[in-house]
>>> print(open('data29.txt').read())   # compact mmCIF, C-alpha atoms
# COMPACT_ATOMS: atom_id res chain seq x y z
CA MET A 1 96.02 104.53 -103.32
CA ASP A 2 93.62 105.63 -106.05
CA GLN A 3 95.49 103.47 -108.56
CA MET A 4 95.66 100.39 -106.33
CA ILE A 5 92.01 99.44 -106.74
CA GLU A 6 91.82 99.89 -110.49
CA SER A 7 95.17 98.21 -111.15
CA GLY A 8 94.20 95.32 -108.91
CA LEU A 9 90.88 94.87 -110.66
CA ARG A 10 92.53 95.09 -114.05
CA ALA A 11 94.90 92.31 -113.06
CA MET A 12 91.91 90.03 -112.43
CA ALA A 13 90.54 90.22 -115.96
CA PRO A 14 90.95 86.89 -117.79
CA PRO A 15 92.76 86.93 -121.14
CA THR A 16 90.59 87.76 -124.11
CA GLY A 17 89.62 84.82 -126.25
CA PHE A 18 90.47 82.30 -123.54
CA GLU A 19 89.26 78.80 -124.40
CA PRO A 20 89.97 75.78 -122.22
CA ALA A 21 91.92 73.01 -123.81
CA ALA A 22 91.03 70.13 -121.51
CA LEU A 23 88.70 70.51 -118.56
CA PRO A 24 88.67 68.21 -115.54
CA MET A 25 86.20 65.46 -114.82
CA ALA A 26 83.53 65.98 -112.21
CA ALA A 27 84.28 63.35 -109.62
CA ALA A 28 87.46 62.54 -107.80
CA ASP A 29 87.64 59.13 -109.46
CA GLY A 30 87.65 60.66 -112.96
CA VAL A 31 84.07 59.68 -113.86
CA PRO A 32 82.40 62.22 -116.20
CA ALA A 33 79.58 64.26 -114.67
CA SER A 34 76.09 62.88 -115.18
CA VAL A 35 73.94 65.61 -116.76
CA LEU A 36 70.17 65.82 -117.08
CA PHE A 37 69.22 68.21 -119.88
CA VAL A 38 65.88 70.02 -119.57
CA GLY A 39 64.58 72.02 -122.50
CA PRO A 40 63.33 72.11 -126.05
CA ARG A 41 66.55 71.35 -127.93
CA ALA A 42 69.39 68.87 -127.67
CA ILE A 43 72.91 70.15 -126.98
CA GLY A 44 74.25 67.28 -124.90
CA ALA A 45 75.91 65.47 -127.78
CA GLU A 46 78.80 67.92 -128.07
CA LEU A 47 79.54 67.65 -124.34
CA ALA A 48 79.24 63.86 -124.40
CA ARG A 49 81.71 63.68 -127.30
CA SER A 50 84.19 65.64 -125.22
CA GLY A 51 84.23 62.79 -122.71
CA ARG A 52 83.56 65.18 -119.81
CA ALA A 53 79.81 64.64 -119.47
CA ARG A 54 77.54 61.62 -119.39
CA VAL A 55 74.08 62.53 -120.68
CA ILE A 56 71.54 60.55 -118.68
CA ASP A 57 68.45 62.00 -120.41
CA HIS A 58 66.94 64.95 -122.28
CA ILE A 59 63.39 65.81 -121.23
CA PRO A 60 60.86 68.62 -121.60
CA PRO A 61 60.43 70.89 -118.54
CA ALA A 62 56.92 69.69 -117.73
CA ARG A 63 58.12 66.09 -117.26
CA MET A 64 61.05 66.80 -114.97
CA ALA A 65 59.36 66.34 -111.57
CA ALA A 66 57.84 62.97 -112.53
CA HIS A 67 61.04 61.89 -114.27
CA LEU A 68 63.20 62.46 -111.20
CA ARG A 69 61.12 60.07 -109.14
CA SER A 70 62.16 57.18 -111.37
CA MET A 71 65.84 57.89 -112.01
CA ALA A 72 69.17 58.19 -110.26
CA LEU A 73 70.11 61.66 -109.12
CA PRO A 74 72.22 63.56 -111.68
CA ASP A 75 75.32 65.59 -110.85
CA ILE A 76 74.11 68.53 -112.96
CA VAL A 77 70.73 69.74 -114.19
CA TRP A 78 71.17 71.75 -117.40
CA LEU A 79 68.33 74.10 -118.38
CA ILE A 80 68.22 74.93 -122.08
CA ASP A 81 66.39 78.07 -123.25
CA ALA A 82 65.30 78.73 -119.68
CA GLU A 83 63.45 81.87 -120.73
CA THR A 84 60.89 79.68 -122.53
CA ILE A 85 60.02 77.77 -119.34
CA GLU A 86 56.93 78.99 -117.47
CA SER A 87 57.73 80.64 -114.13
CA GLU A 88 55.76 78.08 -112.12
CA THR A 89 57.47 75.16 -113.84
CA LEU A 90 60.87 76.82 -113.45
CA ALA A 91 60.25 77.28 -109.73
CA GLU A 92 59.37 73.58 -109.41
CA ILE A 93 62.57 72.63 -111.20
CA CYS A 94 64.59 74.84 -108.83
CA ASP A 95 62.92 73.20 -105.82
CA ALA A 96 63.88 69.79 -107.20
CA VAL A 97 67.48 70.90 -107.78
CA LEU A 98 67.68 72.16 -104.20
CA ALA A 99 66.28 68.87 -102.90
CA MET A 100 68.77 66.87 -104.97
CA GLU A 101 71.68 69.13 -103.93
CA CYS A 102 73.08 69.04 -107.45
CA ALA A 103 74.56 71.80 -109.57
CA LEU A 104 72.61 73.86 -112.11
CA VAL A 105 73.60 75.24 -115.50
CA CYS A 106 71.11 77.75 -116.87
CA GLU A 107 71.10 78.89 -120.50
CA THR A 108 68.88 81.86 -121.30
CA ALA A 109 68.54 84.74 -123.71
CA LEU A 110 69.51 88.19 -122.45
CA GLY A 111 65.94 89.42 -122.80
CA GLY A 112 64.67 86.78 -120.37
CA LEU A 113 67.60 86.93 -117.97
CA ASP A 114 65.96 89.12 -115.32
CA ARG A 115 62.91 86.88 -114.90
CA VAL A 116 64.95 83.68 -114.83
CA ALA A 117 67.54 85.10 -112.42
CA ALA A 118 64.76 86.20 -110.07
CA THR A 119 63.28 82.69 -110.06
CA VAL A 120 66.51 80.76 -109.45
CA PRO A 121 67.37 81.00 -105.72
CA ALA A 122 70.79 82.33 -104.77
CA SER A 123 71.32 79.18 -102.68
CA ILE A 124 71.64 77.10 -105.87
CA ARG A 125 75.18 77.08 -107.22
CA THR A 126 74.33 78.17 -110.77
CA GLU A 127 76.46 78.62 -113.87
CA TRP A 128 74.84 81.11 -116.26
CA LEU A 129 75.11 81.07 -120.05
CA VAL A 130 73.80 83.68 -122.48
CA ASP A 131 74.12 83.06 -126.23
CA ALA A 132 76.71 80.42 -125.36
CA ASP A 133 79.11 78.70 -127.70
CA ALA A 134 80.91 75.38 -127.28
CA ALA A 135 83.77 76.90 -125.27
CA ASP A 136 81.34 78.64 -122.89
CA ARG A 137 79.55 75.34 -122.27
CA LEU A 138 82.81 73.53 -121.51
CA VAL A 139 83.78 76.20 -118.95
CA ALA A 140 80.30 76.02 -117.38
CA LEU A 141 80.54 72.23 -117.25
CA ALA A 142 83.92 72.42 -115.50
CA ALA A 143 82.68 74.92 -112.91
CA ALA A 144 79.40 73.06 -112.29
CA SER A 145 81.27 69.77 -112.01
CA ARG A 146 83.54 71.21 -109.35
CA ALA A 147 80.50 72.52 -107.44
CA ALA A 148 78.82 69.13 -107.64
CA SER A 149 81.96 67.20 -106.63
CA PRO A 150 84.30 69.48 -104.67
CA ALA A 151 86.83 66.74 -103.93
CA VAL A 152 88.92 66.77 -107.10
CA HIS A 153 92.37 65.19 -107.31
CA ASP A 154 95.19 67.64 -108.00
CA ILE A 155 96.20 65.52 -110.98
CA ALA A 156 92.90 66.41 -112.64
CA ARG A 157 93.52 70.14 -112.39
CA ASP A 158 94.53 72.04 -115.49
CA GLU A 159 94.95 75.58 -116.73
CA ALA A 160 91.19 76.22 -116.93
CA MET A 161 90.56 75.39 -113.27
CA GLU A 162 93.67 77.26 -112.19
CA ARG A 163 92.32 80.37 -113.91
CA ILE A 164 88.96 79.99 -112.16
CA ASP A 165 90.73 79.69 -108.79
CA GLN A 166 92.92 82.67 -109.60
CA LEU A 167 89.86 84.74 -110.46
CA GLN A 168 88.25 83.91 -107.11
CA ASP A 169 91.46 84.60 -105.19
CA GLU A 170 91.94 87.97 -106.88
CA VAL A 171 88.36 89.06 -106.21
CA ALA A 172 88.78 88.05 -102.56
CA ARG A 173 91.95 90.15 -102.37
CA ILE A 174 90.18 93.16 -103.88
CA ALA A 175 87.30 92.64 -101.43
CA ARG A 176 89.76 92.85 -98.54
CA LEU A 177 91.41 95.93 -100.06
CA LEU A 178 88.07 97.70 -100.47
CA GLY A 179 87.13 96.75 -96.94
CA ASP A 180 90.42 98.11 -95.59
CA LEU A 181 89.88 101.39 -97.41
CA ALA A 182 86.33 101.69 -96.11
CA GLY A 183 87.26 100.77 -92.56
CA GLN A 184 90.23 103.06 -92.00
CA ARG A 185 90.19 104.33 -88.45
CA GLY A 186 89.73 108.02 -87.82
CA LEU A 187 87.73 108.61 -90.97
CA PRO A 188 84.23 109.98 -90.46
CA GLY A 189 81.47 107.60 -91.35
CA ALA A 190 83.74 104.57 -91.52
CA PRO A 191 81.98 101.27 -90.82
CA GLY A 192 82.47 99.62 -87.47
CA GLY A 193 84.30 96.45 -88.49
CA PHE A 194 84.27 93.09 -90.15
CA ALA A 195 82.14 90.06 -89.55
CA PRO A 196 83.84 86.70 -88.96
CA ARG A 197 85.16 84.93 -92.02
CA ASP A 198 82.68 82.61 -93.67
CA ALA A 199 83.87 79.01 -93.93
CA ASP A 200 82.23 78.56 -97.33
CA HIS A 201 83.90 81.56 -98.93
CA GLY A 202 87.25 81.54 -97.14
CA ASP A 203 88.92 84.93 -97.27
CA ALA A 204 86.13 86.25 -99.46
CA GLY A 205 83.73 85.91 -96.54
CA ALA A 206 85.32 88.84 -94.72
CA GLN A 207 82.49 91.22 -95.49
CA LEU A 208 81.51 94.38 -93.73
CA ARG A 209 78.26 94.18 -91.83
CA SER A 210 77.56 97.88 -91.67
CA PRO A 211 73.98 99.12 -91.57
CA VAL A 212 72.25 100.19 -94.75
CA ARG A 213 72.54 103.93 -95.27
CA ASP A 214 69.39 105.89 -94.59
CA TYR A 215 69.49 108.97 -96.79
CA ALA A 216 66.55 110.50 -94.94
CA ALA A 217 68.08 110.08 -91.47
CA GLY A 218 70.19 113.23 -91.49
CA PRO A 219 68.97 116.75 -90.72
CA ARG A 220 66.79 118.08 -93.49
CA SER A 221 69.00 121.16 -93.82
CA PHE A 222 71.83 118.95 -95.06
CA GLU A 223 69.84 116.91 -97.57
CA PRO A 224 69.91 119.34 -100.53
CA GLU A 225 73.67 119.80 -100.28
CA GLU A 226 74.28 116.06 -99.97
CA ARG A 227 72.05 115.30 -102.93
CA THR A 228 73.81 117.95 -104.99
CA VAL A 229 77.15 116.33 -104.22
CA HIS A 230 75.74 112.93 -105.14
CA ARG A 231 74.37 114.23 -108.45
CA GLN A 232 77.67 115.86 -109.35
CA ARG A 233 79.65 112.75 -108.48
CA ALA A 234 77.23 110.53 -110.38
CA LYS A 235 77.73 112.73 -113.44
CA ALA A 236 81.50 112.41 -113.04
CA VAL A 237 81.25 108.62 -112.82
CA ARG A 238 78.98 108.45 -115.88
CA ARG A 239 81.45 110.67 -117.74
CA MET A 240 84.25 108.27 -116.79
CA LEU A 241 82.22 105.34 -118.13
CA ARG A 242 81.52 107.18 -121.40
CA GLN A 243 85.22 107.91 -121.77
CA ARG A 244 86.00 104.22 -121.29
CA ARG A 245 83.49 103.32 -124.02
CA MET A 246 84.93 105.98 -126.36
CA ARG A 247 88.27 104.18 -126.31
CA GLU A 248 86.59 101.35 -128.20
CA GLN A 249 86.14 103.65 -131.20
CA TYR A 250 89.90 103.94 -131.57
CA PHE A 251 91.30 100.74 -130.05
CA PRO A 252 90.08 97.12 -129.91
CA ALA A 253 87.49 96.77 -127.15
CA ASP A 254 89.11 93.67 -125.66
CA LEU A 255 92.40 95.55 -125.20
CA PHE A 256 90.92 97.38 -122.19
CA ALA A 257 88.34 94.82 -121.03
CA ASP A 258 87.85 95.43 -117.32
CA PRO A 259 84.34 94.23 -116.41
CA ALA A 260 84.80 94.28 -112.62
CA TRP A 261 85.72 97.96 -112.57
CA ASP A 262 83.03 98.91 -115.12
CA MET A 263 80.35 97.18 -113.03
CA LEU A 264 81.59 98.79 -109.82
CA LEU A 265 81.42 102.22 -111.43
CA ASP A 266 77.95 101.60 -112.89
CA LEU A 267 76.56 100.39 -109.56
CA TYR A 268 78.17 103.29 -107.70
CA ALA A 269 76.64 105.86 -110.07
CA ALA A 270 73.25 104.14 -109.82
CA ARG A 271 73.45 104.20 -106.02
CA LEU A 272 74.14 107.94 -106.08
CA GLU A 273 71.24 108.43 -108.50
CA ARG A 274 69.00 106.20 -106.36
CA GLN A 275 68.29 104.01 -109.37
CA PRO A 276 68.04 100.20 -109.23
CA VAL A 277 70.18 98.11 -111.58
CA SER A 278 68.83 94.88 -113.06
CA VAL A 279 71.02 91.90 -113.87
CA SER A 280 70.68 92.40 -117.63
CA SER A 281 71.47 96.11 -117.34
CA LEU A 282 74.64 95.37 -115.37
CA CYS A 283 75.68 92.80 -118.00
CA ILE A 284 75.41 95.52 -120.64
CA ALA A 285 77.41 97.95 -118.48
CA ALA A 286 80.22 95.40 -118.17
CA ALA A 287 80.95 95.80 -121.90
CA VAL A 288 81.84 92.12 -122.28
CA PRO A 289 79.79 89.11 -123.47
CA ALA A 290 76.83 88.48 -121.16
CA THR A 291 78.09 85.04 -120.12
CA THR A 292 81.39 86.56 -119.02
CA ALA A 293 79.58 89.37 -117.21
CA LEU A 294 77.36 86.90 -115.34
CA ARG A 295 80.41 84.95 -114.23
CA TRP A 296 81.91 88.17 -112.87
CA ILE A 297 78.65 89.11 -111.12
CA LYS A 298 78.55 85.75 -109.39
CA THR A 299 82.20 85.99 -108.35
CA MET A 300 81.81 89.55 -107.06
CA THR A 301 78.66 88.54 -105.18
CA ASP A 302 80.45 85.58 -103.60
CA ALA A 303 83.23 87.96 -102.58
CA GLY A 304 80.75 90.22 -100.79
CA LEU A 305 81.13 93.21 -103.14
CA PHE A 306 77.71 92.87 -104.82
CA LEU A 307 74.33 92.13 -103.25
CA ARG A 308 71.19 90.56 -104.73
CA GLU A 309 68.14 92.71 -103.94
CA ALA A 310 64.55 91.67 -104.67
CA ASP A 311 62.38 94.08 -106.64
CA PRO A 312 59.63 95.00 -104.14
CA HIS A 313 57.20 95.72 -106.97
CA ASP A 314 57.93 92.78 -109.28
CA GLY A 315 58.81 89.33 -108.00
CA ARG A 316 59.99 88.34 -111.47
CA ARG A 317 63.06 90.56 -111.24
CA ILE A 318 66.01 91.12 -108.93
CA PHE A 319 68.44 93.99 -108.69
CA ILE A 320 72.18 94.03 -108.07
CA GLY A 321 73.53 96.56 -105.60
CA LEU A 322 76.82 97.49 -103.97
CA ALA A 323 77.68 96.14 -100.55
CA GLU A 324 78.37 98.84 -97.99
CA ALA A 325 82.10 98.07 -97.92
CA ALA A 326 82.39 98.54 -101.69
CA PHE A 327 80.25 101.71 -101.65
CA ASP A 328 82.30 103.30 -98.85
CA ALA A 329 85.60 102.42 -100.54
CA LEU A 330 84.44 103.90 -103.86
CA ALA A 331 83.26 107.03 -102.06
CA ARG A 332 86.71 107.51 -100.55
CA TYR A 333 88.32 106.75 -103.91
CA PHE A 334 86.43 109.60 -105.58
CA GLU A 335 86.98 111.89 -102.60
CA ALA A 336 90.70 111.32 -103.08
CA LEU A 337 90.40 112.11 -106.80
CA GLU A 338 88.62 115.38 -106.00
CA GLU A 339 91.35 116.59 -103.63
>>> encode(input="data29.txt", output="structure tokens")
Amino acid sequence: MDQMIESGLRAMAPPTGFEPAALPMAAADGVPASVLFVGPRAIGAELARSGRARVIDHIPPARMAAHLRSMALPDIVWLIDAETIESETLAEICDAVLAMECALVCETALGGLDRVAATVPASIRTEWLVDADAADRLVALAAASRAASPAVHDIARDEAMERIDQLQDEVARIARLLGDLAGQRGLPGAPGGFAPRDADHGDAGAQLRSPVRDYAAGPRSFEPEERTVHRQRAKAVRRMLRQRRMREQYFPADLFADPAWDMLLDLYAARLERQPVSVSSLCIAAAVPATTALRWIKTMTDAGLFLREADPHDGRRIFIGLAEAAFDALARYFEALEE
């Protein structure tokens, strides 16, 4: 059982160096997606040349609200260098995107990721790009186009979209596996059960709705021992992560790329250490390019394994945490390893 989770997660990792050859159009009738670019530099030409995007305009952030009142609604709003946009202006843009019910592509530098991610609501279907290249933008365009126009003919599907679907299906399967491990009957402390499946997420909506653990709720006499166990296990998890990084000194890093498992381990150790994990920190822990890590974070969040948590002391930042189902399953995984 201890190998099932890791092997399943490893099977989800997309091939290294994957670049789409031909991505589908946005609408069911084959019309390219209409894209409104917002930001200080022009990048729409390369997407327009691909024939998969129709650039309707390129405007500075401050003009977006007024501009939208005099134009047709775009399929996609594409933010360029989002970290350079003032927080108030960025919030207004997000409100406009929500009102238009269109998709959002957000390009930002890693250093500004936490502030931008905290400003963009989770209700907006967002594709994130960090230090993106042409291939990253084409993948983001394909995913955003599908979000903007979900009714796509099967004839328009290609290998790129099949891989995106496979990624989502595999994460949903792992979510169910983790939930099954956490909800085994007869095990002390197992959660009570599953909530109904969510229609938007399909199988991935089968999340555990167990209460948040209260570390101070138990008898005080048990707290020191429990915290000692948590510290020891956190050290073991950190040691496992260091060992995984050491492999990269002797073998190509992409040979063992496994961002889902690395992020699960990092969040589990942080939970035991009672330390919050920012979006940018989790991207670094994934040991893959930030754009790839963000795509995994979004997929794992949609699957109910990760949770977005607001920083109570700083509204410009959010944290990523483990859902109770994932935490309980990882706890039982390491208990099994210690036997």
>>> closest_atom_pairs(input="data29.txt", of="range 16-126 of chain A", to="range 289-292 of chain A", cutoff="10 Å", atoms="all atoms listed in the file", output="tab-separated table")
residue	atom	partner	partner_atom	distance
A:Glu107	CA	A:Thr291	CA	9.3
A:Thr108	CA	A:Thr291	CA	9.8
A:Ala109	CA	A:Ala290	CA	9.4
A:Leu110	CA	A:Ala290	CA	7.4
A:Leu113	CA	A:Ala290	CA	9.9
>>> atom_distance(input="data29.txt", atom1="CA of Thr228 in chain A", atom2="CA of Ala310 in chain A")
27.9 Å
>>> residues_around(input="data29.txt", residues="Met263 in chain A", least_positions_apart="6", cutoff="12 Å", atoms="all atoms listed in the file", output="PyMOL selection string")
chain A and resi 9+237-238+241+257+269-270+277-288+293-294+296-297+300-301+305-306+320-322+326
>>> write_last_selection(input="data29.txt", atoms="C-alpha atoms", output="PDB file, in the frame of the given file")
ATOM      1  CA  LEU A   9      90.880  94.870-110.660  1.00  0.00           C
ATOM      2  CA  VAL A 237      81.250 108.620-112.820  1.00  0.00           C
ATOM      3  CA  ARG A 238      78.980 108.450-115.880  1.00  0.00           C
ATOM      4  CA  LEU A 241      82.220 105.340-118.130  1.00  0.00           C
ATOM      5  CA  ALA A 257      88.340  94.820-121.030  1.00  0.00           C
ATOM      6  CA  ALA A 269      76.640 105.860-110.070  1.00  0.00           C
ATOM      7  CA  ALA A 270      73.250 104.140-109.820  1.00  0.00           C
ATOM      8  CA  VAL A 277      70.180  98.110-111.580  1.00  0.00           C
ATOM      9  CA  SER A 278      68.830  94.880-113.060  1.00  0.00           C
ATOM     10  CA  VAL A 279      71.020  91.900-113.870  1.00  0.00           C
ATOM     11  CA  SER A 280      70.680  92.400-117.630  1.00  0.00           C
ATOM     12  CA  SER A 281      71.470  96.110-117.340  1.00  0.00           C
ATOM     13  CA  LEU A 282      74.640  95.370-115.370  1.00  0.00           C
ATOM     14  CA  CYS A 283      75.680  92.800-118.000  1.00  0.00           C
ATOM     15  CA  ILE A 284      75.410  95.520-120.640  1.00  0.00           C
ATOM     16  CA  ALA A 285      77.410  97.950-118.480  1.00  0.00           C
ATOM     17  CA  ALA A 286      80.220  95.400-118.170  1.00  0.00           C
ATOM     18  CA  ALA A 287      80.950  95.800-121.900  1.00  0.00           C
ATOM     19  CA  VAL A 288      81.840  92.120-122.280  1.00  0.00           C
ATOM     20  CA  ALA A 293      79.580  89.370-117.210  1.00  0.00           C
ATOM     21  CA  LEU A 294      77.360  86.900-115.340  1.00  0.00           C
ATOM     22  CA  TRP A 296      81.910  88.170-112.870  1.00  0.00           C
ATOM     23  CA  ILE A 297      78.650  89.110-111.120  1.00  0.00           C
ATOM     24  CA  MET A 300      81.810  89.550-107.060  1.00  0.00           C
ATOM     25  CA  THR A 301      78.660  88.540-105.180  1.00  0.00           C
ATOM     26  CA  LEU A 305      81.130  93.210-103.140  1.00  0.00           C
ATOM     27  CA  PHE A 306      77.710  92.870-104.820  1.00  0.00           C
ATOM     28  CA  ILE A 320      72.180  94.030-108.070  1.00  0.00           C
ATOM     29  CA  GLY A 321      73.530  96.560-105.600  1.00  0.00           C
ATOM     30  CA  LEU A 322      76.820  97.490-103.970  1.00  0.00           C
ATOM     31  CA  ALA A 326      82.390  98.540-101.690  1.00  0.00           C
TER      32      ALA A 326
END
>>> residues_around(input="data29.txt", residues="Thr84 in chain A", least_positions_apart="3", cutoff="9 Å", atoms="all atoms listed in the file", output="PyMOL selection string")
chain A and resi 39-40+80-81+108+112
>>> residues_around(input="data29.txt", residues="range 50-58 of chain A", least_positions_apart="3", cutoff="6 Å", atoms="all atoms listed in the file", output="MDAnalysis selection string")
chainID A and resid 25 32:38 47
>>> atom_distance(input="data29.txt", atom1="CA of Trp128 in chain A", atom2="CA of Gly111 in chain A")
13.8 Å
>>> residues_around(input="data29.txt", residues="Pro61 in chain A", least_positions_apart="5", cutoff="12 Å", atoms="only C-alpha atoms", output="NGL selection string")
:A and (36-41 or 66-68 or 77-94 or 96)
>>> write_last_selection(input="data29.txt", atoms="C-alpha atoms", output="PDB file, in the frame of the given file")
ATOM      1  CA  LEU A  36      70.170  65.820-117.080  1.00  0.00           C
ATOM      2  CA  PHE A  37      69.220  68.210-119.880  1.00  0.00           C
ATOM      3  CA  VAL A  38      65.880  70.020-119.570  1.00  0.00           C
ATOM      4  CA  GLY A  39      64.580  72.020-122.500  1.00  0.00           C
ATOM      5  CA  PRO A  40      63.330  72.110-126.050  1.00  0.00           C
ATOM      6  CA  ARG A  41      66.550  71.350-127.930  1.00  0.00           C
ATOM      7  CA  ALA A  66      57.840  62.970-112.530  1.00  0.00           C
ATOM      8  CA  HIS A  67      61.040  61.890-114.270  1.00  0.00           C
ATOM      9  CA  LEU A  68      63.200  62.460-111.200  1.00  0.00           C
ATOM     10  CA  VAL A  77      70.730  69.740-114.190  1.00  0.00           C
ATOM     11  CA  TRP A  78      71.170  71.750-117.400  1.00  0.00           C
ATOM     12  CA  LEU A  79      68.330  74.100-118.380  1.00  0.00           C
ATOM     13  CA  ILE A  80      68.220  74.930-122.080  1.00  0.00           C
ATOM     14  CA  ASP A  81      66.390  78.070-123.250  1.00  0.00           C
ATOM     15  CA  ALA A  82      65.300  78.730-119.680  1.00  0.00           C
ATOM     16  CA  GLU A  83      63.450  81.870-120.730  1.00  0.00           C
ATOM     17  CA  THR A  84      60.890  79.680-122.530  1.00  0.00           C
ATOM     18  CA  ILE A  85      60.020  77.770-119.340  1.00  0.00           C
ATOM     19  CA  GLU A  86      56.930  78.990-117.470  1.00  0.00           C
ATOM     20  CA  SER A  87      57.730  80.640-114.130  1.00  0.00           C
ATOM     21  CA  GLU A  88      55.760  78.080-112.120  1.00  0.00           C
ATOM     22  CA  THR A  89      57.470  75.160-113.840  1.00  0.00           C
ATOM     23  CA  LEU A  90      60.870  76.820-113.450  1.00  0.00           C
ATOM     24  CA  ALA A  91      60.250  77.280-109.730  1.00  0.00           C
ATOM     25  CA  GLU A  92      59.370  73.580-109.410  1.00  0.00           C
ATOM     26  CA  ILE A  93      62.570  72.630-111.200  1.00  0.00           C
ATOM     27  CA  CYS A  94      64.590  74.840-108.830  1.00  0.00           C
ATOM     28  CA  ALA A  96      63.880  69.790-107.200  1.00  0.00           C
TER      29      ALA A  96
END
>>> closest_residue(input="data29.txt", among="A:Ile124, A:Arg233, A:Glu101, A:Asp114", to="Phe334 in chain A", atoms="only C-alpha atoms")
A:Arg233
>>> closest_residue(input="data29.txt", among="A:Tyr268, A:Arg332, A:Phe327, A:Glu309", to="Ala122 in chain A", atoms="only C-alpha atoms")
A:Glu309
